[in-house]
file start-v4.pdb (PDB, C-alpha atoms)
ATOM      1  CA  MET A  74       0.000   0.000   0.000
ATOM      2  CA  LEU A  75       1.990   2.979  -1.300
ATOM      3  CA  PRO A  76       0.774   6.479  -0.400
ATOM      4  CA  GLU A  77       0.840   9.304  -2.878
ATOM      5  CA  LEU A  78       4.345  10.803  -2.838
ATOM      6  CA  GLN A  79       5.196  14.497  -2.827
ATOM      7  CA  GLU A  80       7.426  16.146  -5.398
ATOM      8  CA  THR A  81      10.488  16.305  -3.105
ATOM      9  CA  SER A  82      12.597  13.151  -3.038
ATOM     10  CA  ALA A  83      13.030  13.226   0.745
ATOM     11  CA  GLU A  84       9.350  13.280   1.658
ATOM     12  CA  LEU A  85       6.547  10.714   1.423
ATOM     13  CA  GLY A  86       3.618  13.050   2.013
ATOM     14  CA  LEU A  87       3.157  11.774   5.606
ATOM     15  CA  ASN A  88       3.351  13.455   8.965
ATOM     16  CA  ASP A  89       6.556  13.158  10.979
ATOM     17  CA  HIS A  90       5.380  10.253  13.104
ATOM     18  CA  HIS A  91       4.258   8.103  10.171
ATOM     19  CA  GLN A  92       7.339   8.962   8.144
ATOM     20  CA  ASN A  93       9.499   7.821  11.036
ATOM     21  CA  GLU A  94       7.550   4.540  11.113
ATOM     22  CA  VAL A  95       8.325   4.096   7.394
ATOM     23  CA  ILE A  96      12.013   4.761   8.036
ATOM     24  CA  ASN A  97      11.980   2.161  10.806
ATOM     25  CA  TYR A  98      10.559  -0.425   8.408
ATOM     26  CA  MET A  99      13.036   0.488   5.674
ATOM     27  CA  ARG A 100      15.920   0.139   8.145
ATOM     28  CA  PHE A 101      14.612  -3.321   9.072
ATOM     29  CA  ALA A 102      14.267  -4.292   5.376
ATOM     30  CA  ARG A 103      17.778  -3.027   4.556
ATOM     31  CA  SER A 104      19.191  -5.087   7.403
ATOM     32  CA  LYS A 105      17.444  -8.251   6.233
ATOM     33  CA  ARG A 106      18.464  -7.567   2.628
ATOM     34  CA  GLY A 107      22.093  -7.121   3.618
ATOM     35  CA  LEU A 108      22.150 -10.379   5.563
ATOM     36  CA  ARG A 109      20.612 -12.297   2.674
ATOM     37  CA  LEU A 110      23.100 -10.805   0.157
ATOM     38  CA  LYS A 111      25.944 -11.885   2.411
ATOM     39  CA  THR A 112      24.465 -15.380   2.422
ATOM     40  CA  VAL A 113      24.347 -15.422  -1.390
ATOM     41  CA  ASP A 114      27.939 -14.138  -1.556
ATOM     42  CA  SER A 115      29.038 -16.902   0.808
ATOM     43  CA  CYS A 116      27.436 -19.492  -1.506
ATOM     44  CA  PHE A 117      29.716 -18.362  -4.338
ATOM     45  CA  GLN A 118      32.732 -18.131  -2.040
ATOM     46  CA  ASP A 119      32.148 -21.662  -0.729
ATOM     47  CA  LEU A 120      32.040 -22.917  -4.322
ATOM     48  CA  LYS A 121      35.321 -21.176  -5.081
ATOM     49  CA  ASP A 122      37.028 -22.527  -1.963
ATOM     50  CA  SER A 123      35.758 -26.094  -2.215
ATOM     51  CA  ARG A 124      35.596 -26.833  -5.948
ATOM     52  CA  LEU A 125      37.851 -24.430  -7.833
ATOM     53  CA  VAL A 126      41.112 -26.121  -6.775
ATOM     54  CA  GLU A 127      42.152 -27.485 -10.149
ATOM     55  CA  GLU A 128      43.471 -25.753 -13.260
ATOM     56  CA  THR A 129      41.048 -27.237 -15.762
ATOM     57  CA  PHE A 130      37.500 -28.655 -15.601
ATOM     58  CA  THR A 131      35.373 -30.650 -17.951
ATOM     59  CA  VAL A 132      32.035 -29.444 -19.229
ATOM     60  CA  ASP A 133      30.211 -31.961 -16.995
ATOM     61  CA  GLU A 134      32.101 -30.774 -13.920
ATOM     62  CA  VAL A 135      31.327 -27.131 -14.635
ATOM     63  CA  THR A 136      27.674 -28.003 -15.276
ATOM     64  CA  GLU A 137      27.519 -29.919 -11.988
ATOM     65  CA  MET A 138      29.028 -27.018 -10.042
ATOM     66  CA  LEU A 139      26.675 -24.470 -11.615
ATOM     67  CA  ASP A 140      23.639 -26.689 -10.969
ATOM     68  CA  GLY A 141      24.623 -27.055  -7.350
ATOM     69  CA  LEU A 142      25.183 -23.316  -7.015
ATOM     70  CA  GLN A 143      21.833 -22.634  -8.706
ATOM     71  CA  THR A 144      20.037 -24.908  -6.212
ATOM     72  CA  VAL A 145      21.626 -23.218  -3.212
ATOM     73  CA  VAL A 146      21.056 -19.652  -4.481
ATOM     74  CA  HIS A 147      17.488 -20.467  -5.556
ATOM     75  CA  SER A 148      16.735 -21.787  -2.069
ATOM     76  CA  GLU A 149      18.201 -18.707  -0.390
ATOM     77  CA  VAL A 150      16.351 -16.236  -2.647
ATOM     78  CA  GLU A 151      13.063 -18.122  -2.365
ATOM     79  CA  SER A 152      13.367 -18.218   1.417
ATOM     80  CA  GLU A 153      13.998 -14.473   1.541
ATOM     81  CA  LEU A 154      11.071 -13.660  -0.788
ATOM     82  CA  ILE A 155       8.709 -15.809   1.263
ATOM     83  CA  ASN A 156       9.928 -14.250   4.505
ATOM     84  CA  THR A 157       9.506 -10.742   3.028
ATOM     85  CA  ALA A 158       5.923 -11.509   1.996
ATOM     86  CA  TYR A 159       5.076 -12.849   5.439
ATOM     87  CA  THR A 160       6.720  -9.827   7.067
ATOM     88  CA  ASN A 161       4.586  -7.466   4.967
ATOM     89  CA  VAL A 162       1.451  -9.393   5.957
ATOM     90  CA  LEU A 163       2.317  -8.996   9.639
ATOM     91  CA  LEU A 164       2.874  -5.263   9.127
ATOM     92  CA  LEU A 165      -0.531  -4.914   7.415
ATOM     93  CA  ARG A 166      -2.089  -6.926  10.226
ATOM     94  CA  GLN A 167      -0.843  -4.412  12.777
ATOM     95  CA  LEU A 168      -2.322  -1.506  10.814
ATOM     96  CA  PHE A 169      -5.674  -3.231  10.187
ATOM     97  CA  SER A 170      -5.991  -4.382  13.798
ATOM     98  CA  GLN A 171      -5.473  -0.842  15.053
ATOM     99  CA  ALA A 172      -8.001   0.501  12.529
ATOM    100  CA  GLU A 173     -10.622  -2.105  13.514
ATOM    101  CA  LYS A 174     -10.461  -0.965  17.126
ATOM    102  CA  TRP A 175     -11.841   2.360  15.884
ATOM    103  CA  TYR A 176     -14.322   0.673  13.542
ATOM    104  CA  LEU A 177     -12.436   1.895  10.478
ATOM    105  CA  LYS A 178     -12.029   0.029   7.188
ATOM    106  CA  LEU A 179      -8.771   0.587   5.321
ATOM    107  CA  GLN A 180      -8.372  -0.072   1.610
ATOM    108  CA  THR A 181      -5.302  -0.869  -0.482
ATOM    109  CA  ASP A 182      -4.579  -0.333  -4.185
ATOM    110  CA  ILE A 183      -2.475  -3.308  -5.294
ATOM    111  CA  SER A 184      -1.885  -1.764  -8.739
ATOM    112  CA  GLU A 185       0.084   1.086  -7.144
ATOM    113  CA  LEU A 186       2.694  -1.430  -5.916
ATOM    114  CA  GLU A 187       4.038  -1.658  -9.476
ATOM    115  CA  ASN A 188       3.970   2.074 -10.238
ATOM    116  CA  ARG A 189       7.500   2.672 -11.448
ATOM    117  CA  GLU A 190       7.398   6.401 -10.778
ATOM    118  CA  LEU A 191       6.369   5.887  -7.157
ATOM    119  CA  LEU A 192       8.911   3.104  -6.704
ATOM    120  CA  GLU A 193      11.664   5.396  -7.964
ATOM    121  CA  GLN A 194      10.565   8.106  -5.533
ATOM    122  CA  VAL A 195      10.729   5.573  -2.676
ATOM    123  CA  ALA A 196      14.238   4.654  -3.814
ATOM    124  CA  GLU A 197      15.217   8.337  -3.764
ATOM    125  CA  PHE A 198      13.702   8.679  -0.304
ATOM    126  CA  GLU A 199      15.718   5.691   0.942
ATOM    127  CA  LYS A 200      18.862   7.074  -0.610
ATOM    128  CA  ALA A 201      18.322  10.469   1.011
ATOM    129  CA  GLU A 202      17.581   8.962   4.409
ATOM    130  CA  PHE A 203      20.361   6.349   4.646
ATOM    131  CA  THR A 204      23.257   7.809   2.659
ATOM    132  CA  SER A 205      23.329  11.364   4.047
ATOM    133  CA  SER A 206      26.301  11.876   6.298
ATOM    134  CA  ASN A 207      24.434  14.462   8.347
ATOM    135  CA  LYS A 208      21.396  12.200   9.007
ATOM    136  CA  LYS A 209      20.942  11.531  12.703
ATOM    137  CA  PRO A 210      18.583   8.866  14.101
ATOM    138  CA  SER A 211      15.450  10.278  15.666
ATOM    139  CA  SER A 212      14.088   9.098  18.996
ATOM    140  CA  GLU A 213      10.852   8.325  17.147
ATOM    141  CA  LEU A 214      12.610   5.605  15.130
ATOM    142  CA  ILE A 215      13.102   3.216  18.060
ATOM    143  CA  LYS A 216       9.414   2.893  18.963
ATOM    144  CA  PRO A 217       8.473  -0.760  18.371
ATOM    145  CA  LYS A 218       4.685  -0.392  18.497
ATOM    146  CA  LEU A 219       2.054   1.595  16.682
ATOM    147  CA  ALA A 220       0.874   4.697  18.499
ATOM    148  CA  PRO A 221      -2.858   5.144  19.104
ATOM    149  CA  LEU A 222      -4.880   7.207  16.685
ATOM    150  CA  ASN A 223      -5.466  10.846  17.602
ATOM    151  CA  GLU A 224      -8.766  12.497  18.464
ATOM    152  CA  GLY A 225      -9.703  12.594  14.788
ATOM    153  CA  GLY A 226     -10.483   8.887  14.937
ATOM    154  CA  SER A 227     -12.736   9.400  17.950
ATOM    155  CA  GLU A 228     -14.579  12.204  16.169
ATOM    156  CA  LEU A 229     -15.087  10.005  13.124
ATOM    157  CA  LEU A 230     -16.375   7.202  15.321
ATOM    158  CA  ASN A 231     -18.833   9.534  17.060
ATOM    159  CA  LYS A 232     -20.179  10.723  13.708
ATOM    160  CA  GLU A 233     -20.664   7.141  12.600
ATOM    161  CA  ILE A 234     -22.466   6.281  15.841
ATOM    162  CA  THR A 235     -24.757   9.310  15.433
ATOM    163  CA  ARG A 236     -25.554   8.333  11.862
ATOM    164  CA  LEU A 237     -26.331   4.768  12.878
ATOM    165  CA  GLN A 238     -28.570   5.988  15.711
ATOM    166  CA  GLU A 239     -30.539   8.222  13.322
ATOM    167  CA  GLU A 240     -30.896   5.362  10.863
ATOM    168  CA  ASN A 241     -31.998   3.098  13.706
ATOM    169  CA  GLU A 242     -34.743   5.545  14.700
ATOM    170  CA  LYS A 243     -35.987   5.689  11.115
ATOM    171  CA  LEU A 244     -36.062   1.910  10.973
ATOM    172  CA  LYS A 245     -37.974   1.740  14.264
ATOM    173  CA  THR A 246     -40.608   4.160  12.945
ATOM    174  CA  ARG A 247     -40.950   2.202   9.735
ATOM    175  CA  LEU A 248     -41.167  -1.052  11.688
ATOM    176  CA  LYS A 249     -44.027   0.303  13.827
ATOM    177  CA  THR A 250     -45.926   1.315  10.687
ATOM    178  CA  ILE A 251     -45.409  -2.105   9.136
ATOM    179  CA  GLU A 252     -46.445  -3.830  12.375
ATOM    180  CA  THR A 253     -49.654  -1.782  12.465
ATOM    181  CA  GLN A 254     -50.468  -2.659   8.877
ATOM    182  CA  ALA A 255     -49.623  -6.304   9.457
ATOM    183  CA  THR A 256     -51.811  -6.451  12.581
ATOM    184  CA  SER A 257     -54.720  -4.944  10.669
ATOM    185  CA  ALA A 258     -54.254  -7.416   7.823
ATOM    186  CA  LEU A 259     -54.059 -10.357  10.243
ATOM    187  CA  ASP A 260     -57.236  -9.240  11.981
ATOM    188  CA  GLU A 261     -59.054  -9.047   8.665
ATOM    189  CA  LYS A 262     -57.676 -12.432   7.671
ATOM    190  CA  SER A 263     -58.785 -13.957  10.975
ATOM    191  CA  LYS A 264     -62.302 -12.614  10.456
ATOM    192  CA  LEU A 265     -62.486 -14.070   6.954
ATOM    193  CA  GLU A 266     -61.112 -17.417   8.096
ATOM    194  CA  LYS A 267     -63.609 -17.543  10.940
ATOM    195  CA  SER A 268     -66.502 -16.825   8.583
ATOM    196  CA  LEU A 269     -65.333 -19.525   6.190
ATOM    197  CA  LYS A 270     -64.872 -22.029   8.995
ATOM    198  CA  ASP A 271     -68.335 -21.337  10.337
ATOM    199  CA  LEU A 272     -69.848 -21.914   6.904
ATOM    200  CA  GLN A 273     -67.962 -25.175   6.431
ATOM    201  CA  MET A 274     -69.057 -26.642   9.786
ATOM    202  CA  ILE A 275     -72.591 -27.591   8.615
ATOM    203  CA  GLN A 276     -73.221 -30.283  11.229
ATOM    204  CA  GLY A 277     -75.750 -30.421  14.035
ATOM    205  CA  ASP A 278     -75.918 -26.638  14.470
ATOM    206  CA  GLN A 279     -76.237 -25.987  10.697
ATOM    207  CA  LYS A 280     -79.324 -23.889  11.183
ATOM    208  CA  THR A 281     -77.723 -21.719  13.859
ATOM    209  CA  ASN A 282     -74.524 -21.180  11.856
ATOM    210  CA  VAL A 283     -76.368 -20.305   8.639
ATOM    211  CA  THR A 284     -78.722 -17.936  10.493
ATOM    212  CA  GLN A 285     -75.758 -16.233  12.116
ATOM    213  CA  ASP A 286     -73.902 -15.868   8.792
ATOM    214  CA  ILE A 287     -77.010 -14.431   7.105
ATOM    215  CA  SER A 288     -77.518 -12.048  10.000
ATOM    216  CA  GLU A 289     -73.899 -10.884   9.801
ATOM    217  CA  LEU A 290     -74.214 -10.343   6.051
ATOM    218  CA  GLU A 291     -77.481  -8.441   6.525
ATOM    219  CA  ASP A 292     -75.786  -6.255   9.114
ATOM    220  CA  THR A 293     -72.871  -5.694   6.727
ATOM    221  CA  VAL A 294     -75.190  -4.782   3.868
ATOM    222  CA  SER A 295     -77.212  -2.533   6.135
ATOM    223  CA  ALA A 296     -74.105  -0.795   7.381
ATOM    224  CA  LEU A 297     -72.807  -0.353   3.840
ATOM    225  CA  ARG A 298     -76.203   1.019   2.765
ATOM    226  CA  CYS A 299     -76.189   3.568   5.586
ATOM    227  CA  GLN A 300     -72.616   4.496   4.787
ATOM    228  CA  PHE A 301     -73.413   4.747   1.096
ATOM    229  CA  GLU A 302     -76.439   6.988   1.746
ATOM    230  CA  LYS A 303     -74.462   9.141   4.156
ATOM    231  CA  THR A 304     -71.516   9.671   1.784
ATOM    232  CA  LEU A 305     -73.510   9.817  -1.453
ATOM    233  CA  ASN A 306     -72.589  13.492  -2.009
ATOM    234  CA  ASP A 307     -68.906  13.045  -1.174
ATOM    235  CA  SER A 308     -66.073  13.238  -3.673
ATOM    236  CA  THR A 309     -65.668  10.787  -6.548
ATOM    237  CA  ALA A 310     -62.846   9.027  -4.759
ATOM    238  CA  ASN A 311     -65.012   8.255  -1.714
ATOM    239  CA  GLN A 312     -67.843   7.035  -3.928
ATOM    240  CA  LYS A 313     -65.483   4.711  -5.752
ATOM    241  CA  PHE A 314     -64.219   3.320  -2.441
ATOM    242  CA  LEU A 315     -67.775   2.577  -1.264
ATOM    243  CA  GLU A 316     -68.632   1.006  -4.595
ATOM    244  CA  GLU A 317     -65.649  -1.307  -4.355
ATOM    245  CA  ASN A 318     -66.655  -2.333  -0.813
ATOM    246  CA  LEU A 319     -70.195  -2.965  -2.043
ATOM    247  CA  VAL A 320     -68.904  -5.162  -4.877
ATOM    248  CA  MET A 321     -66.703  -7.091  -2.431
ATOM    249  CA  THR A 322     -69.724  -7.644  -0.178
ATOM    250  CA  LYS A 323     -71.727  -8.894  -3.132
ATOM    251  CA  HIS A 324     -68.926 -11.330  -3.947
ATOM    252  CA  ASP A 325     -68.920 -12.533  -0.344
ATOM    253  CA  LEU A 326     -72.692 -12.966  -0.526
ATOM    254  CA  LEU A 327     -72.401 -14.967  -3.737
ATOM    255  CA  LYS A 328     -69.722 -17.086  -2.106
ATOM    256  CA  VAL A 329     -71.991 -17.769   0.863
ATOM    257  CA  GLN A 330     -74.825 -18.666  -1.490
ATOM    258  CA  ASP A 331     -72.559 -21.103  -3.312
ATOM    259  CA  GLN A 332     -71.494 -22.687  -0.021
ATOM    260  CA  LEU A 333     -75.122 -22.910   1.091
ATOM    261  CA  SER A 334     -76.027 -24.559  -2.198
ATOM    262  CA  THR A 335     -73.251 -27.075  -1.670
ATOM    263  CA  ALA A 336     -74.459 -27.654   1.875
ATOM    264  CA  GLU A 337     -77.990 -28.234   0.615
ATOM    265  CA  LYS A 338     -76.775 -30.890  -1.785
ATOM    266  CA  GLU A 339     -74.743 -32.598   0.941
ATOM    267  CA  LEU A 340     -77.617 -32.465   3.395
ATOM    268  CA  GLU A 341     -80.029 -33.708   0.751
ATOM    269  CA  LYS A 342     -77.813 -36.727   0.082
ATOM    270  CA  LYS A 343     -77.319 -37.320   3.808
ATOM    271  CA  PHE A 344     -80.896 -37.022   4.924
ATOM    272  CA  GLN A 345     -82.679 -38.124   1.756
ATOM    273  CA  GLN A 346     -83.793 -41.453   3.285
ATOM    274  CA  THR A 347     -84.636 -40.082   6.768
ATOM    275  CA  ALA A 348     -87.819 -38.715   8.282
ATOM    276  CA  ALA A 349     -86.057 -35.387   8.960
ATOM    277  CA  PHE A 350     -85.337 -34.797   5.270
ATOM    278  CA  ARG A 351     -88.551 -32.911   4.622
ATOM    279  CA  ASN A 352     -88.060 -30.633   7.621
ATOM    280  CA  MET A 353     -84.459 -29.851   6.627
ATOM    281  CA  LYS A 354     -85.517 -29.218   3.022
ATOM    282  CA  GLU A 355     -88.127 -26.751   4.197
ATOM    283  CA  ILE A 356     -85.498 -24.959   6.300
ATOM    284  CA  LEU A 357     -83.088 -24.714   3.362
ATOM    285  CA  THR A 358     -85.938 -23.482   1.132
ATOM    286  CA  LYS A 359     -86.624 -20.681   3.592
ATOM    287  CA  LYS A 360     -82.911 -19.820   3.674
ATOM    288  CA  ASN A 361     -82.820 -19.648  -0.110
ATOM    289  CA  GLU A 362     -85.794 -17.312  -0.033
ATOM    290  CA  GLN A 363     -83.950 -15.147   2.486
ATOM    291  CA  ILE A 364     -80.868 -15.088   0.210
ATOM    292  CA  LYS A 365     -82.998 -14.102  -2.794
ATOM    293  CA  ASP A 366     -84.666 -11.387  -0.744
ATOM    294  CA  LEU A 367     -81.240 -10.173   0.400
ATOM    295  CA  ARG A 368     -80.003 -10.058  -3.180
ATOM    296  CA  ARG A 369     -83.034  -8.058  -4.262
ATOM    297  CA  ARG A 370     -82.446  -5.629  -1.422
ATOM    298  CA  LEU A 371     -78.757  -5.388  -2.352
ATOM    299  CA  SER A 372     -79.497  -4.771  -6.050
ATOM    300  CA  ARG A 373     -81.441  -1.636  -5.162
ATOM    301  CA  TYR A 374     -78.203  -0.040  -3.866
ATOM    302  CA  GLU A 375     -75.912  -1.005  -6.696
ATOM    303  CA  PRO A 376     -74.713   2.034  -8.679
ATOM    304  CA  ASP A 377     -75.983   2.437 -12.181
ATOM    305  CA  ASP A 378     -73.385   1.748 -14.947
TER     306      ASP A 378
END

call {"tool": "encode", "arguments": {"input": "start-v4.pdb", "output": "structure tokens"}}
result
Amino acid sequence: MLPELQETSAELGLNDHHQNEVINYMRFARSKRGLRLKTVDSCFQDLKDSRLVEETFTVDEVTEMLDGLQTVVHSEVESELINTAYTNVLLLRQLFSQAEKWYLKLQTDISELENRELLEQVAEFEKAEFTSSNKKPSSELIKPKLAPLNEGGSELLNKEITRLQEENEKLKTRLKTIETQATSALDEKSKLEKSLKDLQMIQGDQKTNVTQDISELEDTVSALRCQFEKTLNDSTANQKFLEENLVMTKHDLLKVQDQLSTAEKELEKKFQQTAAFRNMKEILTKKNEQIKDLRRRLSRYEPDD
């Protein structure tokens, strides 16, 4: 993660503390690089001391020596590259861990790691820092740990908390509205399910259930008629709303009639061979007459097309 560099070769565009942290890391990297180069040099020196003791060598002997040297150097370089990668991961881990304590999310731009211009500026910065004869080590350079973030991080965190609290309040308000709407819908659904269940339970107390359903529908129609008469002179929107409710009630009434018709057929099959068949048939006939009367009464309040 390379920051944007300033024009001067001796500056990285960071404050003094962070620039000192960079110098610390570069000093560590230079030390490791120097040790590894010495190791590579020793590989060549060992080859010279142990194998180059004769005046002439065959092609096979030279090939064998070079292959052996290649294996040793390859192992040393690979080990150093792996160790460097792991070291960089640990350094990033320190930075990210400190940022997470303040609920911050850092981002890196991997493409900038191969920016030749920035890499050259880093090289110039290293050269200026470690080759100047007048450069003196700062007390800041020996600090082994990251320093805590300043008050700016706390201010940023407080702003984020405030924003989240405001968003939470908005969500609570929306949730209450949705809960109210859901409760109303569930109540309406429960009423419809209860009406349907009552109509389906045509056993024993068939007469009582049907009478109660008809009475409820009559009350509904009566209430809608009163409401329709009361709001007849209201706006077109209110009239349309009442008309839709009236149509829905008519559909419910037709549904009840269909269920009653089905019940009649079932009762007729069930009681066709019993002495109570005639009485039940008379009751259903009366109910049909009541339904027809209710439909006639309802048709008087339907709006003209």

call {"tool": "atom_distance", "arguments": {"input": "start-v4.pdb", "atom1": "CA of Glu316 (chain A)", "atom2": "CA of Val294 (chain A)"}}
result
12.2 Å

call {"tool": "closest_residue", "arguments": {"input": "start-v4.pdb", "among": "A:Asp325, A:Asp133, A:Asp89, A:Glu197", "to": "Leu269 (chain A)", "atoms": "only C-alpha atoms"}}
result
A:Asp325

call {"tool": "atom_distance", "arguments": {"input": "start-v4.pdb", "atom1": "CA of Lys354 (chain A)", "atom2": "CA of Leu326 (chain A)"}}
result
21.0 Å

call {"tool": "atom_distance", "arguments": {"input": "start-v4.pdb", "atom1": "CA of Cys116 (chain A)", "atom2": "CA of Glu149 (chain A)"}}
result
9.3 Å

call {"tool": "closest_residue", "arguments": {"input": "start-v4.pdb", "among": "A:Glu337, A:Glu134, A:Glu291, A:Glu240", "to": "Thr322 (chain A)", "atoms": "only C-alpha atoms"}}
result
A:Glu291

call {"tool": "closest_residue", "arguments": {"input": "start-v4.pdb", "among": "A:Ala201, A:Leu248, A:Ala255, A:Leu367", "to": "Ser295 (chain A)", "atoms": "only C-alpha atoms"}}
result
A:Leu367

call {"tool": "closest_residue", "arguments": {"input": "start-v4.pdb", "among": "A:Thr293, A:Gln300, A:Asn352, A:Ser288", "to": "Ile364 (chain A)", "atoms": "only C-alpha atoms"}}
result
A:Ser288

call {"tool": "residues_around", "arguments": {"input": "start-v4.pdb", "residues": "region 141-146 of chain A", "least_positions_apart": "5", "cutoff": "9 Å", "atoms": "only C-alpha atoms", "output": "PyMOL selection string"}}
result
chain A and resi 112-113+116-117+120+136+151

call {"tool": "closest_residue", "arguments": {"input": "start-v4.pdb", "among": "A:Leu191, A:Ala196, A:Leu272, A:Ile234", "to": "Trp175 (chain A)", "atoms": "all atoms listed in the file"}}
result
A:Ile234

call {"tool": "axis_aligned_box", "arguments": {"input": "start-v4.pdb", "around": "region 227-240 of chain A", "padding_each_side": "5 Å", "output": "JSON"}}
result
{"center_x": -21.8, "center_y": 8.5, "center_z": 14.4, "size_x": 28.2, "size_y": 17.4, "size_z": 17.1}

call {"tool": "closest_residue", "arguments": {"input": "start-v4.pdb", "among": "A:Val150, A:Met138, A:Glu266, A:Leu110", "to": "Ser123 (chain A)", "atoms": "all atoms listed in the file"}}
result
A:Met138

call {"tool": "resolve_selection", "arguments": {"input": "start-v4.pdb", "expression": "the PyMOL selection byres ((chain A and resi 106) around 12)", "output": "JSON, numbers by chain"}}
result
{"A": [99, 100, 101, 102, 103, 104, 105, 107, 108, 109, 110, 111, 112, 113, 149, 150, 152, 153, 154, 156, 157]}

call {"tool": "residues_around", "arguments": {"input": "start-v4.pdb", "residues": "Tyr98 (chain A)", "least_positions_apart": "6", "cutoff": "10 Å", "atoms": "all atoms listed in the file", "output": "count of residues only"}}
result
5

call {"tool": "residues_around", "arguments": {"input": "start-v4.pdb", "residues": "Val329 (chain A)", "least_positions_apart": "3", "cutoff": "12 Å", "atoms": "only C-alpha atoms", "output": "MDAnalysis selection string"}}
result
chainID A and resid 265 268:273 282:287 289:290 322:326 332:336 360:361 364 367:368

call {"tool": "write_last_selection", "arguments": {"input": "start-v4.pdb", "atoms": "C-alpha atoms", "output": "short mmCIF file (atom, residue, chain, number, x, y, z; two decimals), in the frame of the given file"}}
result
data_model
loop_
_atom_site.label_atom_id
_atom_site.label_comp_id
_atom_site.auth_asym_id
_atom_site.auth_seq_id
_atom_site.Cartn_x
_atom_site.Cartn_y
_atom_site.Cartn_z
CA LEU A 265 -62.49 -14.07 6.95
CA SER A 268 -66.50 -16.82 8.58
CA LEU A 269 -65.33 -19.52 6.19
CA LYS A 270 -64.87 -22.03 8.99
CA ASP A 271 -68.33 -21.34 10.34
CA LEU A 272 -69.85 -21.91 6.90
CA GLN A 273 -67.96 -25.18 6.43
CA ASN A 282 -74.52 -21.18 11.86
CA VAL A 283 -76.37 -20.30 8.64
CA THR A 284 -78.72 -17.94 10.49
CA GLN A 285 -75.76 -16.23 12.12
CA ASP A 286 -73.90 -15.87 8.79
CA ILE A 287 -77.01 -14.43 7.10
CA GLU A 289 -73.90 -10.88 9.80
CA LEU A 290 -74.21 -10.34 6.05
CA THR A 322 -69.72 -7.64 -0.18
CA LYS A 323 -71.73 -8.89 -3.13
CA HIS A 324 -68.93 -11.33 -3.95
CA ASP A 325 -68.92 -12.53 -0.34
CA LEU A 326 -72.69 -12.97 -0.53
CA GLN A 332 -71.49 -22.69 -0.02
CA LEU A 333 -75.12 -22.91 1.09
CA SER A 334 -76.03 -24.56 -2.20
CA THR A 335 -73.25 -27.08 -1.67
CA ALA A 336 -74.46 -27.65 1.88
CA LYS A 360 -82.91 -19.82 3.67
CA ASN A 361 -82.82 -19.65 -0.11
CA ILE A 364 -80.87 -15.09 0.21
CA LEU A 367 -81.24 -10.17 0.40
CA ARG A 368 -80.00 -10.06 -3.18
#
